[in-house]
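Chemist: Below is a structure I'd like to ask you about.
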Amino acid sequence: MRIQLEKRAQHSAIFSLTSPLIALAITATLGAIMFLLLGKSPTAALYSYFIEPLTDMWSIHELMIKAAPLILIATGLSICFLSNNWNIGAEGQFILGGIFGSALPILYPEFTGPMVLPLMLIMGVIGGAAYATIPAFLKAKFSTNEILSSLMLVYVAQLFLDWLVRGPWRNPEGFNFPESRSFHADAILPEIWFASGRAHWGFAFAIIIAVLMWFVLNKTLKGFEVRVLGLSPRAGRFAGFSENKMIYTAFIVAGGLAGLAGISEVSGAIGQLRPVISPGYGFTAIIVAFLGRLNPLGIIAAGLILALSYLGGEAAQISIGVSNKVSAVFQGLLLFSVLACDTLIHYKIKIVKTMRGKAAL
């Protein structure tokens, strides 16, 4: 007897709707087993991950701060993935957006006024989009594998940021610490609700852009083009759609949104450039995109769930004394579960009986 996967004639609507919930249940079960093996109480650990961060207003604000970049980046990645462009380098595009947007308050601190923040956001978008055009160009021009090129560029961006804050952009009044000068008040992204927490307008940007992208994907010709070229490039060519133009479009949109997330994070949550400005948002956003079924509205919910795992990981470190690496393992379990459950959408499990004593060929 053996288990075999048999391709479905059409996608399973039931599993399309329920696979994210099944994935969450599997993750919670595997997580409970993991904590048990670590000698921790599974109940206390899961409470720390999923309930404790929601018990006060401050934590809810922190949830929105962490969800904002995940939603923005994952929304852009959904355009790439739906069009069959595998952009794995959003982390680097996030970093370049933070660098480009920060150039104004770091290099010209005397430039103040209401125009500073809009210019920073625009420069952040340009920085992320420009960095994303590199793997787009390599794929369109030389058929280079975009997974490898976009991923390798992440490390270039990380090292470039580290060099900047330890070298030419280091704060001359910062006692030799590897960080840039702190941004002045006009370069700080304002809070949404004053005096109740520090959630900034980056979260509002994420929600508005996700809704707009949902409209574009589902109600416009460009959204139809994205889906057609993603499902069947040959059919797209017959319809007059250009694969190369879609490569550039998808990467530029994804890179621009990652860049916006980068400068929003630097300006709204950090207030300066540091050697590390992301705990891995660009990679976690890949999980968010698939957990949200590549639907921008689903991505909003998925972004909040993954942001909860970040906060839960921090809470678990304090309350039950686990390593911060456990959070990364927990997110990895979630990605594994999502991909495994997605298999049920396209395939059904079939048990095949084998005859005993059958001669091996």
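Going by the structure tokens order, chains are called A, B, ..., each with residues numbered from 1, while ligands are numbered from 1 in the order shown.
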Could you list, as number ranges by chain, every residue within 12 Å of segment 8-23 of chain A, counting only C-alpha atoms and ignoring same-chain residues fewer than 2 positions away?

Modeler: A: 5-6, 25-31, 287-295, 298-299, 301-302, 305, 331-350

Chemist: Would you please give, as JSON, numbers by chain, all residues of segment 82-190 of chain A that DSSP assigns to alpha helix (DSSP H) based on the backbone?

Modeler: {"A": [82, 90, 91, 92, 93, 94, 95, 96, 97, 98, 99, 100, 101, 102, 103, 104, 105, 106, 107, 116, 117, 118, 119, 120, 121, 122, 123, 124, 125, 126, 127, 128, 129, 130, 131, 132, 133, 134, 135, 136, 137, 138, 139, 140, 141, 142, 146, 147, 148, 149, 150, 151, 152, 153, 154, 155, 156, 157, 158, 159, 160, 161, 162, 163, 164, 165, 166]}

Chemist: Env of Gly262 of chain A: 9 Å cut, atoms = only C-alpha atoms, seq-sep filter 5 positions within chain, self excluded. Answer as a ChimeraX atom specification.

Modeler: /A:69,91,93-99,101,124-125,128,257,267,277-278

Chemist: Counting only C-alpha atoms, which residues of segment 25-98 of chain A fall within 9 Å of segment 184-203 of chain A, and what is the closest atom pair for each with its distance in Å at one decimal, ordered by chain and rising number, as a Markdown table?

Modeler:
| residue | atom | partner | partner_atom | distance |
| --- | --- | --- | --- | --- |
| A:Met57 | CA | A:Gly197 | CA | 7.2 |
| A:Trp58 | CA | A:Gly197 | CA | 5.6 |
| A:Ser59 | CA | A:Gly197 | CA | 8.6 |
| A:Ile60 | CA | A:Gly197 | CA | 8.5 |
| A:His61 | CA | A:Ala199 | CA | 4.9 |
| A:Glu62 | CA | A:Ala199 | CA | 6.6 |
| A:Leu63 | CA | A:Ala199 | CA | 8.4 |
| A:Met64 | CA | A:Phe203 | CA | 6.1 |
| A:Ile65 | CA | A:Ala199 | CA | 5.5 |
| A:Lys66 | CA | A:Phe203 | CA | 8.7 |
| A:Ala67 | CA | A:Phe203 | CA | 7.2 |
| A:Ala68 | CA | A:Phe203 | CA | 4.5 |
| A:Pro69 | CA | A:Gly202 | CA | 7.6 |
| A:Ile71 | CA | A:Phe203 | CA | 8.5 |
| A:Leu72 | CA | A:Phe203 | CA | 8.7 |

Chemist: Any chance you could export the current selection's N, CA and C atoms as a PDB file, in the first residue's frame?

Modeler:
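Writing done, so here's result09.pdb:
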ATOM      1  N   MET A  57      -3.254  47.909  24.414  1.00  0.00           N
ATOM      2  CA  MET A  57      -3.240  48.801  23.247  1.00  0.00           C
ATOM      3  C   MET A  57      -1.839  48.992  22.686  1.00  0.00           C
ATOM      4  N   TRP A  58      -0.828  49.035  23.557  1.00  0.00           N
ATOM      5  CA  TRP A  58       0.530  49.214  23.082  1.00  0.00           C
ATOM      6  C   TRP A  58       0.929  48.080  22.143  1.00  0.00           C
ATOM      7  N   SER A  59       0.578  46.853  22.504  1.00  0.00           N
ATOM      8  CA  SER A  59       0.921  45.704  21.669  1.00  0.00           C
ATOM      9  C   SER A  59       0.198  45.757  20.327  1.00  0.00           C
ATOM     10  N   ILE A  60      -1.024  46.236  20.332  1.00  0.00           N
ATOM     11  CA  ILE A  60      -1.780  46.342  19.074  1.00  0.00           C
ATOM     12  C   ILE A  60      -1.112  47.350  18.142  1.00  0.00           C
ATOM     13  N   HIS A  61      -0.598  48.440  18.706  1.00  0.00           N
ATOM     14  CA  HIS A  61       0.141  49.403  17.893  1.00  0.00           C
ATOM     15  C   HIS A  61       1.402  48.763  17.313  1.00  0.00           C
ATOM     16  N   GLU A  62       2.098  47.986  18.130  1.00  0.00           N
ATOM     17  CA  GLU A  62       3.291  47.305  17.641  1.00  0.00           C
ATOM     18  C   GLU A  62       2.936  46.290  16.555  1.00  0.00           C
ATOM     19  N   LEU A  63       1.773  45.677  16.694  1.00  0.00           N
ATOM     20  CA  LEU A  63       1.297  44.736  15.672  1.00  0.00           C
ATOM     21  C   LEU A  63       1.131  45.447  14.332  1.00  0.00           C
ATOM     22  N   MET A  64       0.551  46.644  14.355  1.00  0.00           N
ATOM     23  CA  MET A  64       0.364  47.401  13.121  1.00  0.00           C
ATOM     24  C   MET A  64       1.698  47.844  12.527  1.00  0.00           C
ATOM     25  N   ILE A  65       2.650  48.200  13.383  1.00  0.00           N
ATOM     26  CA  ILE A  65       3.974  48.612  12.893  1.00  0.00           C
ATOM     27  C   ILE A  65       4.649  47.470  12.149  1.00  0.00           C
ATOM     28  N   LYS A  66       4.557  46.267  12.695  1.00  0.00           N
ATOM     29  CA  LYS A  66       5.207  45.118  12.059  1.00  0.00           C
ATOM     30  C   LYS A  66       4.417  44.592  10.869  1.00  0.00           C
ATOM     31  N   ALA A  67       3.103  44.780  10.892  1.00  0.00           N
ATOM     32  CA  ALA A  67       2.283  44.300   9.775  1.00  0.00           C
ATOM     33  C   ALA A  67       2.424  45.176   8.538  1.00  0.00           C
ATOM     34  N   ALA A  68       2.659  46.473   8.727  1.00  0.00           N
ATOM     35  CA  ALA A  68       2.693  47.408   7.598  1.00  0.00           C
ATOM     36  C   ALA A  68       3.698  47.007   6.519  1.00  0.00           C
ATOM     37  N   PRO A  69       4.989  46.789   6.847  1.00  0.00           N
ATOM     38  CA  PRO A  69       5.927  46.398   5.785  1.00  0.00           C
ATOM     39  C   PRO A  69       5.604  45.035   5.181  1.00  0.00           C
ATOM     40  N   ILE A  71       2.629  43.682   4.697  1.00  0.00           N
ATOM     41  CA  ILE A  71       1.500  43.829   3.766  1.00  0.00           C
ATOM     42  C   ILE A  71       1.950  44.535   2.496  1.00  0.00           C
ATOM     43  N   LEU A  72       2.726  45.617   2.646  1.00  0.00           N
ATOM     44  CA  LEU A  72       3.194  46.347   1.465  1.00  0.00           C
ATOM     45  C   LEU A  72       4.057  45.467   0.562  1.00  0.00           C
TER      46      LEU A  72
END

Chemist: What is the atom CA of Ser150 of chain A-atom CA of Ile79 of chain A distance in Å, reported with one decimal?

Modeler: 15.6 Å

Chemist: May I have the residues within 9 Å of Ile147 of chain A as JSON, numbers by chain, using only C-alpha atoms and disregarding those fewer than 4 positions away in the same chain?

Modeler: {"A": [85, 86, 87, 88, 89, 135, 151, 152]}

Chemist: Provide the atom CA of Gly303 of chain A to atom CA of Leu70 of chain A distance in Å, to one decimal place.

Modeler: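 These atoms are spaced 5.5 Å apart.
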
Chemist: Just the number, please: distance in Å from atom CA of Glu179 of chain A to atom CA of Ala254 of chain A, one decimal.

Modeler: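 Result for atom CA of Glu179 of chain A versus atom CA of Ala254 of chain A: 27.5 Å, one decimal.
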
Chemist: Would you kindly return, as a list in words, each protein, DNA or RNA residue with an atom no farther than 6 Å from any atom of segment 220-236 of chain A, considering only C-alpha atoms and excluding same-chain residues fewer than 4 positions away?

Modeler: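 Non-adjacent residues within range: Leu82, Ser83, Asn84, Val216 and Phe241 of chain A.
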
Chemist: Based on the selection just made, write N, CA, C and O atoms of those residues as a CSV table (one decimal), in the first residue's frame.

Modeler:
chain,number,residue,atom,x,y,z
A,82,LEU,N,1.9,36.1,-9.4
A,82,LEU,CA,0.8,35.9,-10.3
A,82,LEU,C,1.2,35.9,-11.8
A,82,LEU,O,0.6,35.2,-12.6
A,83,SER,N,2.2,36.8,-12.1
A,83,SER,CA,2.7,36.9,-13.4
A,83,SER,C,3.8,35.9,-13.7
A,83,SER,O,4.5,36.1,-14.8
A,84,ASN,N,4.1,35.0,-12.8
A,84,ASN,CA,5.2,34.0,-13.0
A,84,ASN,C,6.6,34.6,-13.0
A,84,ASN,O,7.4,34.2,-13.7
A,216,VAL,N,-7.1,46.6,-9.0
A,216,VAL,CA,-6.4,46.5,-10.3
A,216,VAL,C,-6.4,45.1,-10.8
A,216,VAL,O,-6.6,44.8,-12.0
A,241,PHE,N,-0.2,40.5,-25.4
A,241,PHE,CA,0.5,40.9,-24.2
A,241,PHE,C,2.0,40.6,-24.4
A,241,PHE,O,2.4,39.6,-24.9

Chemist: Can you list, as a list in words, every protein, DNA or RNA residue that comes within 12 Å of Leu138 of chain A when you count only C-alpha atoms, leaving out same-chain residues fewer than 4 positions away?

Modeler: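 Selected residues are Tyr131, Ala132, Thr133, Ile134, Phe142, Ser143, Thr144, Asn145, Glu146, Ile147, Leu148, Ser149, Ser150, Asn244, Ile247, Tyr248 and Phe251 of chain A.
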
Chemist: For the selection just defined, write its residues with N, CA, C and O atoms to a file, as a JSON list (two decimals), in the first residue's frame.

Modeler:
[["chain", "number", "residue", "atom", "x", "y", "z"],
["A", 131, "TYR", "N", 16.23, 49.20, -7.90],
["A", 131, "TYR", "CA", 16.99, 47.99, -7.56],
["A", 131, "TYR", "C", 16.32, 46.75, -8.13],
["A", 131, "TYR", "O", 17.00, 45.79, -8.52],
["A", 132, "ALA", "N", 14.99, 46.77, -8.20],
["A", 132, "ALA", "CA", 14.26, 45.62, -8.74],
["A", 132, "ALA", "C", 14.41, 45.50, -10.25],
["A", 132, "ALA", "O", 14.21, 44.41, -10.80],
["A", 133, "THR", "N", 14.75, 46.59, -10.92],
["A", 133, "THR", "CA", 14.92, 46.50, -12.38],
["A", 133, "THR", "C", 16.16, 45.70, -12.77],
["A", 133, "THR", "O", 16.26, 45.25, -13.91],
["A", 134, "ILE", "N", 17.08, 45.51, -11.83],
["A", 134, "ILE", "CA", 18.30, 44.75, -12.16],
["A", 134, "ILE", "C", 17.96, 43.30, -12.48],
["A", 134, "ILE", "O", 18.29, 42.81, -13.57],
["A", 142, "PHE", "N", 18.63, 38.46, -20.84],
["A", 142, "PHE", "CA", 19.52, 37.30, -20.93],
["A", 142, "PHE", "C", 18.88, 36.01, -20.43],
["A", 142, "PHE", "O", 19.58, 35.00, -20.31],
["A", 143, "SER", "N", 17.60, 36.05, -20.08],
["A", 143, "SER", "CA", 16.88, 34.88, -19.55],
["A", 143, "SER", "C", 17.55, 34.33, -18.29],
["A", 143, "SER", "O", 17.55, 33.13, -18.03],
["A", 144, "THR", "N", 18.13, 35.23, -17.50],
["A", 144, "THR", "CA", 18.76, 34.84, -16.24],
["A", 144, "THR", "C", 17.69, 34.42, -15.24],
["A", 144, "THR", "O", 16.62, 35.02, -15.18],
["A", 145, "ASN", "N", 18.00, 33.42, -14.43],
["A", 145, "ASN", "CA", 17.07, 32.98, -13.41],
["A", 145, "ASN", "C", 16.89, 34.09, -12.37],
["A", 145, "ASN", "O", 17.82, 34.45, -11.65],
["A", 146, "GLU", "N", 15.67, 34.64, -12.29],
["A", 146, "GLU", "CA", 15.42, 35.79, -11.41],
["A", 146, "GLU", "C", 15.45, 35.41, -9.93],
["A", 146, "GLU", "O", 15.67, 36.28, -9.07],
["A", 147, "ILE", "N", 15.25, 34.14, -9.61],
["A", 147, "ILE", "CA", 15.33, 33.71, -8.21],
["A", 147, "ILE", "C", 16.74, 33.93, -7.68],
["A", 147, "ILE", "O", 16.95, 34.53, -6.62],
["A", 148, "LEU", "N", 17.74, 33.47, -8.45],
["A", 148, "LEU", "CA", 19.13, 33.60, -8.02],
["A", 148, "LEU", "C", 19.59, 35.05, -8.04],
["A", 148, "LEU", "O", 20.21, 35.52, -7.08],
["A", 149, "SER", "N", 19.30, 35.77, -9.12],
["A", 149, "SER", "CA", 19.81, 37.14, -9.23],
["A", 149, "SER", "C", 19.18, 38.06, -8.18],
["A", 149, "SER", "O", 19.89, 38.86, -7.54],
["A", 150, "SER", "N", 17.88, 37.94, -7.96],
["A", 150, "SER", "CA", 17.24, 38.80, -6.96],
["A", 150, "SER", "C", 17.69, 38.45, -5.55],
["A", 150, "SER", "O", 17.89, 39.33, -4.70],
["A", 244, "ASN", "N", 8.02, 40.57, -21.79],
["A", 244, "ASN", "CA", 9.11, 41.42, -21.29],
["A", 244, "ASN", "C", 8.58, 42.64, -20.56],
["A", 244, "ASN", "O", 9.10, 43.04, -19.51],
["A", 247, "ILE", "N", 7.46, 41.56, -17.19],
["A", 247, "ILE", "CA", 8.59, 41.34, -16.28],
["A", 247, "ILE", "C", 8.99, 42.64, -15.60],
["A", 247, "ILE", "O", 9.10, 42.72, -14.37],
["A", 248, "TYR", "N", 9.17, 43.69, -16.41],
["A", 248, "TYR", "CA", 9.54, 44.99, -15.86],
["A", 248, "TYR", "C", 8.44, 45.55, -14.96],
["A", 248, "TYR", "O", 8.71, 46.08, -13.88],
["A", 251, "PHE", "N", 8.26, 43.59, -11.55],
["A", 251, "PHE", "CA", 9.40, 43.86, -10.68],
["A", 251, "PHE", "C", 9.40, 45.30, -10.18],
["A", 251, "PHE", "O", 9.74, 45.56, -9.01]]

Chemist: Measuring atom to atom with only C-alpha atoms, identify which of A:Ala269, A:Ala157, A:Ile207, A:Phe183 is nearest to Thr112 of chain A.

Modeler: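 Ranking A:Ala269, A:Ala157, A:Ile207, A:Phe183 by distance to Thr112 of chain A, first place goes to A:Phe183.
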
Chemist: Using only C-alpha atoms, can you tell me which of A:Thr55, A:Gln158, A:Thr284, A:Gln317 comes closest to Gly92 of chain A?

Modeler: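 With only C-alpha atoms as the atom set, the closest residue is A:Gln158.
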